[in-house]
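Undergrad: Following this message is one structure expressed as structure tokens.
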There are 2 protein chains.
Amino acid sequence: MASIKDVALRAGVSVATVSRALSGKGKVSAASREAVARAAKELGYVLSYNASSLASGRSRNIGIVVPTISRWYFANVLQGATQELNERGYDLTLYNTSGEQRHRDAVFQDLLMRQRLDAVITVTLKLTAPELHQLRLVGKPLVALGGLLPEVSTIRVDDFNIASLATEHLVSLGHTKIAFLGGADVFNVDFNLPAARLDGFEYALDQAEIAVNPQWLLDADFTTAGAYQKVRSLLSNPRGRPTALLCASDEMAFGAIMAARDLGLSLPGDFSVIGIDGHELGELYGLTTIAQHPGAQGEAAVARIMELLGEDGHPDPPSPAPDQFFPTEFVLRTSTAPPA
Amino acid sequence: MASIKDVALRAGVSVATVSRALSGKGKVSAASREAVARAAKELGYVLSYNASSLASGRSRNIGIVVPTISRWYFANVLQGATQELNERGYDLTLYNTSGEQRHRDAVFQDLLMRQRLDAVITVTLKLTAPELHQLRLVGKPLVALGGLLPEVSTIRVDDFNIASLATEHLVSLGHTKIAFLGGADVFNVDFNLPAARLDGFEYALDQAEIAVNPQWLLDADFTTAGAYQKVRSLLSNPRGRPTALLCASDEMAFGAIMAARDLGLSLPGDFSVIGIDGHELGELYGLTTIAQHPGAQGEAAVARIMELLGEDGHPDPPSPAPDQFFPTEFVLRTSTAPPA
DNA sequence: CTGAAAGCGCTTACAG
DNA sequence: CTGAAAGCGCTTACAG
């Protein structure tokens with residue numbers, strides 16, 4: 001492969017001039033610039049990122065750490081982040097801790113440390129003190145998506161408020177027998193995100209002076225199948241069942257709807273369901289939900305990283321200021337209605 | 001951050017010895033090895049991958065190019081690939097062409113070319129001649145997942161056979177009025193994968209001497225919602241409807257099942273559905289399907305890459321690609337039964 | 001088994 | 001505006 005020397009030789013200038021011409025930094029005469037461009041093109045030259053990074057200390061490479069990939073929220077965050085990074089000419093190095101401590105250790109102790117990254121985005125991961133310390137050691141910008149980390153730039157939705165709003169919607173429809181399906185701690189994702197949503201739920205009920213039935217506070221594993229089982233049991237209790245349910249994720253809400261239908265209940269007449277997420281399938285299910293746009297969150301995380309890197313050459317999408325919550329959207333469909 | 005020099009100084013040896021001790025290559029006395037290990041640990045030393053790569057020509061970094069992330073198959077391929085790579089101490093650089101030519105060009109013309117990778121995995125992408133040429137220029141091992149590429153090591157399932165098997169299953173149950181729901185070309189994924197599955201379908205019907213009804217050959221966009229619309233129309237045709245349907249993906253099969261139910265049909269009594277994929281949700285839907293284990297495919301792609309890189313990481317003389325089909329699995333559940 | 005030294009391919013003060 | 005040169009932090013023949 002052609003190196004910068006070959007280009008310099010062919011263009012009849014020094015390597016320094018080639019570097020300046022190609023990077024656009026520093027003054028270069030129009031003539032030199034053109035000669036370099038031509039020579040580079042003729043030789044099919046592409047610069048070595050390793051060499052460039054070593055010399056300049058900048059990698060144009062962002063690391064992103066996720067607890068899993070094959071779940072709706074994370075796949076969509078990645079989708080948004082990759083597109084935005086691609087747009088800016090950055091590479092993305094993907095680390096998947098897979099909820100396994102062994103993988104997680106490997107990521108934080110080895111992979112992340114190797115100075116190949118300009119910055120790091122963590123998604124829904126509660127870093128331990130040693131992990132945070134490690135990252136600080138490396139001295140790279142860090143943005144946390146989906147949860148609060150001490151002294152770290154964070155992008156997140158207002159889980160408490162989302163759950164409270166969803167609950168208020170059910171209450172305003174006239175429901176008083178309302179259940180909550182939260183998520184158990186999975187993937188080492190322990191931001192108490194489920195807890196914040198549960199708090200919002202209880203707060204809204206409290207405001208409406210509706211008693212919380214502890215039997216109707218459930219947990220599943222954030223999957224459709226897991227929710228199906230729980231809700232099926234919930235609705236089959238011979239001592240009575242709720243008329244409405246708030247699910248902490250849309251995927252769980254799908255399972256809830258399937259369970260209700262399989263039991264012969266008609267929706268929303270017999271049973272109202274509201275989710276949280278904004279999953280594409282929600283439309284088909286007629287699911288009322290609160291959309292949180294994970295793709296846009298991924299983009300926002302990248303935009304914030306670029307700000308931190310001082311890379312403001314691009315018209316940044318309106319990323320919320322550091323201490324604001326990422327905006328969400330109430331989507332009314334047909335899975336919620338007044339109780340029969 | 002501590003550099004190799006600092007370690008050498010502290011351990012009282014040369015940088016060459018440090019390099020050899022830490023990499024495990026070359027002879028080093030036990031005493032030196034130990035001194036180096038201790039010094040490195042005390043200083044919290046991690047080597048610079050950029051410098052290491054530049055000097056050695058090896059990156060311990062694999063590129064993977066996907067047409068999208070937020071679709072079941074791709075998310076699961078990535079899940080498998082990241083875990084396997086993590087296990088081996090490799091980084092993964094993720095490129096998402098997003099089905100947009102602009103992104104695709106950026107990936108192939110720029111990002112991929114920058115010599116930061118040891119090898120490349122492409123997923124369900126039919127590379128153009130220039131793209132293949134570019135990749136060859138870089139001279140890195142290449143593995144194609146999900147489709148056949150000329151002179152490229154390939155991992156793929158036998159789409160023709162899968163579709164044929166699924167069709168035979170319906171035929172063996174006694175169905176003669178069988179429809180097929182394929183996938184339109186999306187994401188620039190144009191391996192004629194849908195075509196291969198259609199061919200298998202038609203072949204099996206032909207073997208059974210059952211005529212293909214051209215009205216029952218449908219296309220959707222591989223999404224549940226898209227399939228729902230198509231199947232709803234299919235089943236509402238007043239001139240008669242099929243008693244069974246083969247869907248080219250499980251996600252589409254879910255849409256088909258939802259459509260049939262919404263029309264008041266009972267499954268599988270009135271209508272049998274079989275999918276292809278092995279999606280987790282299939283269990284909940286009782287979907288009979290042919291599982292293709294994308295996570296395992298991702299792992300297999302990584303394993304093949306490692307073979308191509310050779311044990312010491314240097315490309316071996318190209319051995320003939322072991323062009324076997326990736327194994328799939330027939331999963332019988334309750335969505336298929338003899339026609340009423 | 002070990003070290004001095006060349007070299008990987010760039011970037012960037014520095015001096016002109 | 002331009003070039004010579006030092007340096008980024010490693011690896012790896014080469015010679016002991």
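For the structure tokens, the naming scheme is as follows: chains receive sequential letters (A, B, ...) according to their order of presentation, residues are indexed from 1 within each chain, and ligands are indexed from 1 in presentation order.
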Residues of chain B within 6 Å of chain D, counting only C-alpha atoms (C1' of nucleotides) - could you list those as a PyMOL selection string?
TA: chain B and resi 51-52+55-56
Undergrad: Mind dumping a table of every chain A residue within 7 Å of chain B, with the nearest atom pair and its distance in Å to one decimal, using only C-alpha atoms, sorted by chain and rising number, as a Markdown table?
TA:
| residue | atom | partner | partner_atom | distance |
| --- | --- | --- | --- | --- |
| A:Val46 | CA | B:Arg114 | CA | 6.2 |
| A:Leu47 | CA | B:Arg114 | CA | 6.2 |
| A:Ser48 | CA | B:Arg114 | CA | 5.4 |
| A:Tyr49 | CA | B:Arg114 | CA | 5.6 |
| A:Asn50 | CA | B:Asn50 | CA | 4.8 |
| A:Ala51 | CA | B:Leu54 | CA | 6.1 |
| A:Ser53 | CA | B:Asn50 | CA | 6.7 |
| A:Leu54 | CA | B:Asn50 | CA | 5.8 |
| A:Ile69 | CA | B:Gln79 | CA | 5.7 |
| A:Ser70 | CA | B:Ala75 | CA | 4.9 |
| A:Ala75 | CA | B:Ser70 | CA | 4.9 |
| A:Asn76 | CA | B:Ser70 | CA | 5.6 |
| A:Gln79 | CA | B:Ile69 | CA | 5.7 |
| A:Thr82 | CA | B:Asn96 | CA | 6.2 |
| A:Gln83 | CA | B:Asn96 | CA | 6.9 |
| A:Asn86 | CA | B:His103 | CA | 6.9 |
| A:Asp91 | CA | B:Thr93 | CA | 6.9 |
| A:Leu92 | CA | B:Thr93 | CA | 5.6 |
| A:Thr93 | CA | B:Thr93 | CA | 4.4 |
| A:Leu94 | CA | B:Leu92 | CA | 5.7 |
| A:Asn96 | CA | B:Thr82 | CA | 6.2 |
| A:His103 | CA | B:Asn86 | CA | 6.9 |
| A:Leu111 | CA | B:Asp91 | CA | 6.9 |
| A:Met113 | CA | B:Val46 | CA | 6.7 |
| A:Arg114 | CA | B:Ser48 | CA | 5.4 |
| A:Gln115 | CA | B:Ser48 | CA | 5.8 |
| A:Arg116 | CA | B:Tyr49 | CA | 6.3 |
| A:Ala225 | CA | B:Leu284 | CA | 6.2 |
| A:Leu281 | CA | B:Ala225 | CA | 6.8 |
| A:Leu284 | CA | B:Ala225 | CA | 6.2 |
Undergrad: Please write out chain A, superposed on chain B by least squares over all C-alpha atoms matched in order, as a CSV table (one decimal) with C-alpha atoms, in the first residue's frame.
TA:
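Contents of result_37.csv, as written:
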chain,number,residue,atom,x,y,z
A,1,MET,CA,0.4,6.8,31.2
A,2,ALA,CA,3.4,4.6,31.6
A,3,SER,CA,5.2,3.7,28.4
A,4,ILE,CA,7.4,0.8,27.5
A,5,LYS,CA,10.4,2.9,28.4
A,6,ASP,CA,9.2,3.4,32.0
A,7,VAL,CA,8.8,-0.3,32.3
A,8,ALA,CA,12.2,-1.0,30.9
A,9,LEU,CA,13.8,1.4,33.3
A,10,ARG,CA,12.0,0.0,36.3
A,11,ALA,CA,12.7,-3.6,35.4
A,12,GLY,CA,16.3,-2.8,34.6
A,13,VAL,CA,16.2,-4.2,31.1
A,14,SER,CA,15.9,-2.8,27.5
A,15,VAL,CA,12.7,-1.9,25.8
A,16,ALA,CA,13.4,-4.7,23.4
A,17,THR,CA,13.3,-7.2,26.3
A,18,VAL,CA,10.2,-5.7,27.7
A,19,SER,CA,8.5,-6.0,24.3
A,20,ARG,CA,9.5,-9.6,24.0
A,21,ALA,CA,8.6,-10.5,27.6
A,22,LEU,CA,5.2,-9.0,27.4
A,23,SER,CA,4.3,-10.3,23.9
A,24,GLY,CA,5.6,-13.8,24.7
A,25,LYS,CA,7.5,-13.8,21.4
A,26,GLY,CA,11.2,-14.5,21.4
A,27,LYS,CA,13.5,-15.8,24.1
A,28,VAL,CA,13.5,-14.1,27.5
A,29,SER,CA,15.1,-15.4,30.7
A,30,ALA,CA,12.7,-16.3,33.5
A,31,ALA,CA,14.3,-13.6,35.6
A,32,SER,CA,13.8,-10.9,33.0
A,33,ARG,CA,10.3,-12.0,32.3
A,34,GLU,CA,9.4,-11.8,36.0
A,35,ALA,CA,11.0,-8.4,36.5
A,36,VAL,CA,9.2,-7.0,33.5
A,37,ALA,CA,5.9,-8.5,34.6
A,38,ARG,CA,6.3,-6.9,38.0
A,39,ALA,CA,7.3,-3.5,36.7
A,40,ALA,CA,4.5,-3.5,34.3
A,41,LYS,CA,2.0,-4.3,36.9
A,42,GLU,CA,3.3,-1.7,39.4
A,43,LEU,CA,3.1,1.0,36.7
A,44,GLY,CA,-0.3,-0.1,35.5
A,45,TYR,CA,1.2,-0.4,32.0
A,46,VAL,CA,-0.9,-1.2,29.0
A,47,LEU,CA,0.7,-1.1,25.6
A,48,SER,CA,-0.4,1.4,23.0
A,49,TYR,CA,-2.2,-0.5,20.3
A,50,ASN,CA,-1.6,2.3,17.8
A,51,ALA,CA,2.1,2.1,18.3
A,52,SER,CA,2.1,-1.7,18.3
A,53,SER,CA,0.0,-1.8,15.2
A,54,LEU,CA,2.2,0.7,13.4
A,55,ALA,CA,5.3,-1.2,14.2
A,56,SER,CA,4.1,-4.7,13.6
A,57,GLY,CA,1.4,-4.2,11.0
A,58,ARG,CA,-1.1,-6.1,13.0
A,59,SER,CA,-4.1,-4.5,14.8
A,60,ARG,CA,-6.0,-7.2,16.7
A,61,ASN,CA,-9.0,-5.4,15.3
A,62,ILE,CA,-11.6,-6.8,13.1
A,63,GLY,CA,-14.1,-4.8,11.0
A,64,ILE,CA,-17.7,-6.0,10.6
A,65,VAL,CA,-20.0,-4.4,8.1
A,66,VAL,CA,-23.8,-4.8,8.5
A,67,PRO,CA,-26.7,-3.2,6.6
A,68,THR,CA,-28.6,-2.6,9.9
A,69,ILE,CA,-28.4,-3.5,13.5
A,70,SER,CA,-31.9,-3.3,14.8
A,71,ARG,CA,-33.2,-6.5,13.2
A,72,TRP,CA,-33.2,-9.9,14.8
A,73,TYR,CA,-30.7,-11.6,12.5
A,74,PHE,CA,-28.1,-8.9,12.5
A,75,ALA,CA,-28.3,-8.2,16.2
A,76,ASN,CA,-27.7,-11.8,16.9
A,77,VAL,CA,-24.9,-12.2,14.4
A,78,LEU,CA,-23.2,-9.3,16.2
A,79,GLN,CA,-23.9,-10.8,19.6
A,80,GLY,CA,-22.1,-14.0,18.5
A,81,ALA,CA,-19.2,-12.2,16.8
A,82,THR,CA,-18.5,-9.8,19.7
A,83,GLN,CA,-18.4,-12.6,22.2
A,84,GLU,CA,-16.1,-14.7,20.1
A,85,LEU,CA,-13.8,-11.7,19.4
A,86,ASN,CA,-13.8,-10.6,23.0
A,87,GLU,CA,-12.8,-14.1,23.9
A,88,ARG,CA,-9.7,-13.9,21.7
A,89,GLY,CA,-8.7,-10.4,22.8
A,90,TYR,CA,-9.7,-8.7,19.6
A,91,ASP,CA,-11.5,-5.5,19.1
A,92,LEU,CA,-14.4,-5.1,16.8
A,93,THR,CA,-15.0,-2.1,14.7
A,94,LEU,CA,-18.6,-1.8,13.7
A,95,TYR,CA,-19.8,-0.3,10.4
A,96,ASN,CA,-23.4,0.1,9.7
A,97,THR,CA,-24.3,1.1,6.2
A,98,SER,CA,-27.9,1.6,7.2
A,99,GLY,CA,-29.2,0.9,3.8
A,100,GLU,CA,-28.1,4.3,2.7
A,101,GLN,CA,-25.8,4.7,-0.2
A,102,ARG,CA,-24.2,7.7,1.4
A,103,HIS,CA,-23.3,5.8,4.5
A,104,ARG,CA,-22.2,2.8,2.5
A,105,ASP,CA,-19.9,4.9,0.4
A,106,ALA,CA,-18.4,6.5,3.5
A,107,VAL,CA,-17.8,3.1,4.9
A,108,PHE,CA,-16.1,1.6,1.9
A,109,GLN,CA,-14.3,4.6,0.6
A,110,ASP,CA,-13.0,5.9,3.9
A,111,LEU,CA,-13.5,4.1,7.1
A,112,LEU,CA,-12.6,0.7,6.0
A,113,MET,CA,-9.5,1.8,4.1
A,114,ARG,CA,-7.6,3.3,7.0
A,115,GLN,CA,-5.6,0.2,7.8
A,116,ARG,CA,-6.7,-0.1,11.3
A,117,LEU,CA,-8.2,-3.5,10.7
A,118,ASP,CA,-6.7,-7.0,10.3
A,119,ALA,CA,-9.7,-8.4,8.5
A,120,VAL,CA,-13.2,-7.7,7.5
A,121,ILE,CA,-16.5,-9.5,7.9
A,122,THR,CA,-19.4,-8.5,5.7
A,123,VAL,CA,-22.9,-9.6,6.7
A,124,THR,CA,-25.5,-10.1,4.0
A,125,LEU,CA,-24.0,-7.5,1.7
A,126,LYS,CA,-23.6,-7.9,-1.9
A,127,LEU,CA,-20.5,-6.0,-2.6
A,128,THR,CA,-20.1,-4.2,-5.9
A,129,ALA,CA,-17.1,-4.8,-8.1
A,130,PRO,CA,-15.4,-1.5,-7.0
A,131,GLU,CA,-16.0,-2.3,-3.4
A,132,LEU,CA,-14.5,-5.7,-3.7
A,133,HIS,CA,-11.6,-4.1,-5.6
A,134,GLN,CA,-11.1,-1.6,-2.7
A,135,LEU,CA,-11.1,-4.4,-0.2
A,136,ARG,CA,-8.6,-6.4,-2.2
A,137,LEU,CA,-6.4,-3.3,-2.4
A,138,VAL,CA,-6.2,-3.2,1.3
A,139,GLY,CA,-5.1,-6.8,1.1
A,140,LYS,CA,-6.9,-8.0,4.3
A,141,PRO,CA,-8.7,-11.3,4.8
A,142,LEU,CA,-12.4,-11.1,4.1
A,143,VAL,CA,-15.3,-13.3,5.1
A,144,ALA,CA,-18.8,-12.9,3.8
A,145,LEU,CA,-21.6,-14.0,6.0
A,146,GLY,CA,-25.0,-14.8,4.5
A,147,GLY,CA,-24.3,-14.7,0.8
A,148,LEU,CA,-22.0,-15.7,-1.9
A,149,LEU,CA,-19.3,-13.4,-3.1
A,150,PRO,CA,-16.8,-14.2,-5.9
A,151,GLU,CA,-13.6,-15.5,-4.6
A,152,VAL,CA,-14.5,-14.7,-1.0
A,153,SER,CA,-14.6,-17.1,1.9
A,154,THR,CA,-18.3,-17.4,2.6
A,155,ILE,CA,-20.5,-18.7,5.5
A,156,ARG,CA,-24.1,-19.1,4.6
A,157,VAL,CA,-27.1,-21.4,5.0
A,158,ASP,CA,-28.7,-23.3,2.1
A,159,ASP,CA,-31.7,-21.0,1.5
A,160,PHE,CA,-33.0,-23.1,-1.3
A,161,ASN,CA,-33.0,-26.3,0.7
A,162,ILE,CA,-34.4,-24.6,3.8
A,163,ALA,CA,-37.4,-23.3,1.9
A,164,SER,CA,-37.8,-26.6,0.1
A,165,LEU,CA,-37.8,-28.5,3.4
A,166,ALA,CA,-40.3,-26.2,5.0
A,167,THR,CA,-42.6,-26.6,2.0
A,168,GLU,CA,-42.2,-30.4,2.1
A,169,HIS,CA,-43.3,-30.3,5.7
A,170,LEU,CA,-46.5,-28.6,4.8
A,171,VAL,CA,-47.1,-30.9,1.8
A,172,SER,CA,-46.5,-33.9,4.0
A,173,LEU,CA,-49.2,-32.7,6.3
A,174,GLY,CA,-51.6,-32.8,3.4
A,175,HIS,CA,-51.7,-29.2,2.4
A,176,THR,CA,-52.2,-28.3,-1.2
A,177,LYS,CA,-53.2,-24.7,-0.9
A,178,ILE,CA,-50.0,-23.2,0.2
A,179,ALA,CA,-48.9,-19.6,0.1
A,180,PHE,CA,-45.4,-18.0,0.3
A,181,LEU,CA,-44.5,-14.8,1.9
A,182,GLY,CA,-41.0,-13.6,0.8
A,183,GLY,CA,-39.1,-10.5,1.5
A,184,ALA,CA,-38.7,-7.5,-0.7
A,185,ASP,CA,-35.3,-6.1,-1.3
A,186,VAL,CA,-34.4,-4.0,1.7
A,187,PHE,CA,-31.2,-2.6,3.2
A,188,ASN,CA,-29.4,-3.0,0.0
A,189,VAL,CA,-29.4,-6.7,0.8
A,190,ASP,CA,-29.7,-8.0,-2.6
A,191,PHE,CA,-28.3,-11.5,-2.5
A,192,ASN,CA,-31.6,-12.8,-3.9
A,193,LEU,CA,-31.9,-14.6,-0.6
A,194,PRO,CA,-35.7,-14.2,-1.0
A,195,ALA,CA,-35.4,-15.5,-4.5
A,196,ALA,CA,-33.5,-18.6,-3.4
A,197,ARG,CA,-36.2,-19.3,-0.8
A,198,LEU,CA,-38.9,-18.8,-3.4
A,199,ASP,CA,-37.1,-21.2,-5.7
A,200,GLY,CA,-37.0,-23.8,-3.0
A,201,PHE,CA,-40.7,-23.3,-2.3
A,202,GLU,CA,-41.6,-23.7,-6.0
A,203,TYR,CA,-39.3,-26.6,-6.4
A,204,ALA,CA,-40.9,-28.5,-3.5
A,205,LEU,CA,-44.4,-27.8,-4.8
A,206,ASP,CA,-43.4,-28.9,-8.3
A,207,GLN,CA,-42.0,-32.2,-6.9
A,208,ALA,CA,-45.3,-32.8,-5.2
A,209,GLU,CA,-47.1,-31.9,-8.4
A,210,ILE,CA,-49.0,-29.1,-6.7
A,211,ALA,CA,-49.7,-26.0,-8.8
A,212,VAL,CA,-48.4,-22.7,-7.6
A,213,ASN,CA,-51.1,-20.1,-7.3
A,214,PRO,CA,-49.4,-16.9,-8.3
A,215,GLN,CA,-51.8,-14.9,-6.2
A,216,TRP,CA,-50.4,-16.6,-3.2
A,217,LEU,CA,-46.8,-15.5,-3.8
A,218,LEU,CA,-46.4,-12.4,-1.6
A,219,ASP,CA,-43.7,-10.0,-0.6
A,220,ALA,CA,-43.3,-8.0,2.6
A,221,ASP,CA,-40.5,-6.1,4.1
A,222,PHE,CA,-39.3,-8.7,6.6
A,223,THR,CA,-41.1,-7.0,9.5
A,224,THR,CA,-43.9,-8.3,11.6
A,225,ALA,CA,-46.1,-5.3,10.8
A,226,GLY,CA,-45.5,-5.5,7.1
A,227,ALA,CA,-46.4,-9.2,7.1
A,228,TYR,CA,-49.5,-8.6,9.2
A,229,GLN,CA,-51.0,-6.4,6.5
A,230,LYS,CA,-50.2,-8.7,3.6
A,231,VAL,CA,-51.5,-11.8,5.3
A,232,ARG,CA,-54.6,-10.1,6.5
A,233,SER,CA,-55.4,-9.2,2.9
A,234,LEU,CA,-54.5,-12.7,1.7
A,235,LEU,CA,-56.8,-14.4,4.2
A,236,SER,CA,-59.7,-12.1,3.5
A,237,ASN,CA,-59.9,-12.8,-0.2
A,238,PRO,CA,-63.6,-13.8,-0.7
A,239,ARG,CA,-62.5,-16.2,-3.5
A,240,GLY,CA,-60.7,-18.5,-1.2
A,241,ARG,CA,-57.6,-18.6,0.8
A,242,PRO,CA,-54.7,-21.0,1.4
A,243,THR,CA,-54.6,-23.4,4.3
A,244,ALA,CA,-50.9,-23.0,4.9
A,245,LEU,CA,-48.2,-20.3,4.6
A,246,LEU,CA,-44.4,-20.4,4.4
A,247,CYS,CA,-42.8,-17.2,5.7
A,248,ALA,CA,-39.2,-16.3,4.8
A,249,SER,CA,-38.6,-15.1,8.3
A,250,ASP,CA,-40.0,-15.7,11.8
A,251,GLU,CA,-40.7,-12.1,12.4
A,252,MET,CA,-43.0,-12.2,9.4
A,253,ALA,CA,-44.5,-15.4,10.6
A,254,PHE,CA,-45.5,-13.7,13.8
A,255,GLY,CA,-47.3,-11.1,11.8
A,256,ALA,CA,-49.1,-13.8,9.8
A,257,ILE,CA,-50.2,-15.6,13.0
A,258,MET,CA,-51.5,-12.3,14.5
A,259,ALA,CA,-53.4,-11.5,11.3
A,260,ALA,CA,-55.0,-15.0,11.2
A,261,ARG,CA,-56.1,-14.8,14.8
A,262,ASP,CA,-57.5,-11.3,14.4
A,263,LEU,CA,-59.6,-12.6,11.5
A,264,GLY,CA,-61.0,-15.2,13.9
A,265,LEU,CA,-59.2,-18.2,12.3
A,266,SER,CA,-58.0,-20.9,14.6
A,267,LEU,CA,-54.4,-22.1,14.3
A,268,PRO,CA,-53.3,-24.5,13.2
A,269,GLY,CA,-56.8,-25.9,12.5
A,270,ASP,CA,-57.8,-23.3,9.9
A,271,PHE,CA,-54.4,-22.2,8.9
A,272,SER,CA,-50.8,-23.5,9.3
A,273,VAL,CA,-47.8,-21.2,9.4
A,274,ILE,CA,-44.1,-22.1,9.2
A,275,GLY,CA,-41.2,-19.7,9.5
A,276,ILE,CA,-37.5,-19.5,8.9
A,277,ASP,CA,-35.1,-18.3,11.5
A,278,GLY,CA,-35.4,-19.7,15.0
A,279,HIS,CA,-36.4,-16.5,16.7
A,280,GLU,CA,-36.8,-16.8,20.5
A,281,LEU,CA,-40.4,-15.6,20.4
A,282,GLY,CA,-41.2,-18.6,18.2
A,283,GLU,CA,-41.7,-20.7,21.3
A,284,LEU,CA,-44.4,-18.4,22.6
A,285,TYR,CA,-46.2,-18.4,19.3
A,286,GLY,CA,-45.8,-22.2,18.9
A,287,LEU,CA,-44.1,-21.5,15.6
A,288,THR,CA,-42.8,-24.3,13.6
A,289,THR,CA,-39.6,-23.1,11.9
A,290,ILE,CA,-36.2,-23.8,10.6
A,291,ALA,CA,-33.6,-22.4,12.9
A,292,GLN,CA,-30.4,-20.9,11.5
A,293,HIS,CA,-28.6,-19.8,14.7
A,294,PRO,CA,-27.2,-16.4,13.7
A,295,GLY,CA,-25.2,-16.1,16.8
A,296,ALA,CA,-23.3,-19.2,15.9
A,297,GLN,CA,-22.9,-17.9,12.4
A,298,GLY,CA,-21.2,-14.8,13.8
A,299,GLU,CA,-18.9,-17.0,15.9
A,300,ALA,CA,-18.1,-19.1,12.8
A,301,ALA,CA,-17.3,-16.0,10.8
A,302,VAL,CA,-14.8,-15.0,13.5
A,303,ALA,CA,-13.3,-18.5,13.6
A,304,ARG,CA,-12.8,-18.4,9.9
A,305,ILE,CA,-11.2,-15.0,10.1
A,306,MET,CA,-8.8,-16.4,12.6
A,307,GLU,CA,-7.9,-19.3,10.4
A,308,LEU,CA,-7.2,-16.9,7.6
A,309,LEU,CA,-5.0,-14.8,9.8
A,310,GLY,CA,-3.2,-18.0,10.8
A,311,GLU,CA,-4.2,-17.5,14.4
A,312,ASP,CA,-4.9,-21.1,15.4
A,313,GLY,CA,-3.9,-20.8,19.0
A,314,HIS,CA,-7.5,-21.6,20.1
A,315,PRO,CA,-9.6,-24.7,20.0
A,316,ASP,CA,-11.7,-23.6,17.1
A,317,PRO,CA,-15.4,-24.4,17.3
A,318,PRO,CA,-16.4,-26.7,14.5
A,319,SER,CA,-16.7,-24.2,11.7
A,320,PRO,CA,-17.9,-25.8,8.5
A,321,ALA,CA,-15.3,-26.3,5.8
A,322,PRO,CA,-15.2,-23.5,3.3
A,323,ASP,CA,-17.7,-25.0,0.8
A,324,GLN,CA,-20.3,-26.4,3.2
A,325,PHE,CA,-23.5,-24.8,4.2
A,326,PHE,CA,-24.0,-23.7,7.7
A,327,PRO,CA,-26.2,-26.2,9.5
A,328,THR,CA,-29.8,-25.4,10.2
A,329,GLU,CA,-32.4,-27.2,12.3
A,330,PHE,CA,-36.0,-28.1,11.8
A,331,VAL,CA,-38.1,-27.1,14.8
A,332,LEU,CA,-41.6,-28.6,15.0
A,333,ARG,CA,-44.1,-26.8,17.2
A,334,THR,CA,-47.8,-26.3,17.1
A,335,SER,CA,-48.4,-23.8,14.3
A,336,THR,CA,-48.5,-26.5,11.6
A,337,ALA,CA,-51.0,-29.4,11.4
A,338,PRO,CA,-53.0,-31.2,8.7
A,339,PRO,CA,-55.7,-29.0,7.1
A,340,ALA,CA,-59.1,-29.3,8.7
Undergrad: I need the residues of range 16-101 of chain A that end up classed as strand (DSSP E) by DSSP on the backbone, written out as a list in words.
TA: Asn61, Ile62, Gly63, Ile64, Val65, Val66, Asp91, Leu92, Thr93, Leu94, Tyr95 and Asn96 of chain A
Undergrad: Taking C-alpha atoms for each residue, export the selection above as a short mmCIF file (atom, residue, chain, number, x, y, z; two decimals), in the first residue's frame.
TA:
data_model
loop_
_atom_site.label_atom_id
_atom_site.label_comp_id
_atom_site.auth_asym_id
_atom_site.auth_seq_id
_atom_site.Cartn_x
_atom_site.Cartn_y
_atom_site.Cartn_z
CA ASN A 61 -12.56 6.05 17.18
CA ILE A 62 -15.25 5.97 19.85
CA GLY A 63 -15.86 3.05 22.17
CA ILE A 64 -19.35 2.07 23.17
CA VAL A 65 -20.07 -0.39 25.97
CA VAL A 66 -23.42 -2.15 26.09
CA ASP A 91 -15.10 4.46 13.80
CA LEU A 92 -17.04 2.71 16.52
CA THR A 93 -15.55 0.00 18.66
CA LEU A 94 -18.24 -2.11 20.20
CA TYR A 95 -17.89 -3.75 23.60
CA ASN A 96 -20.56 -6.13 24.80
#
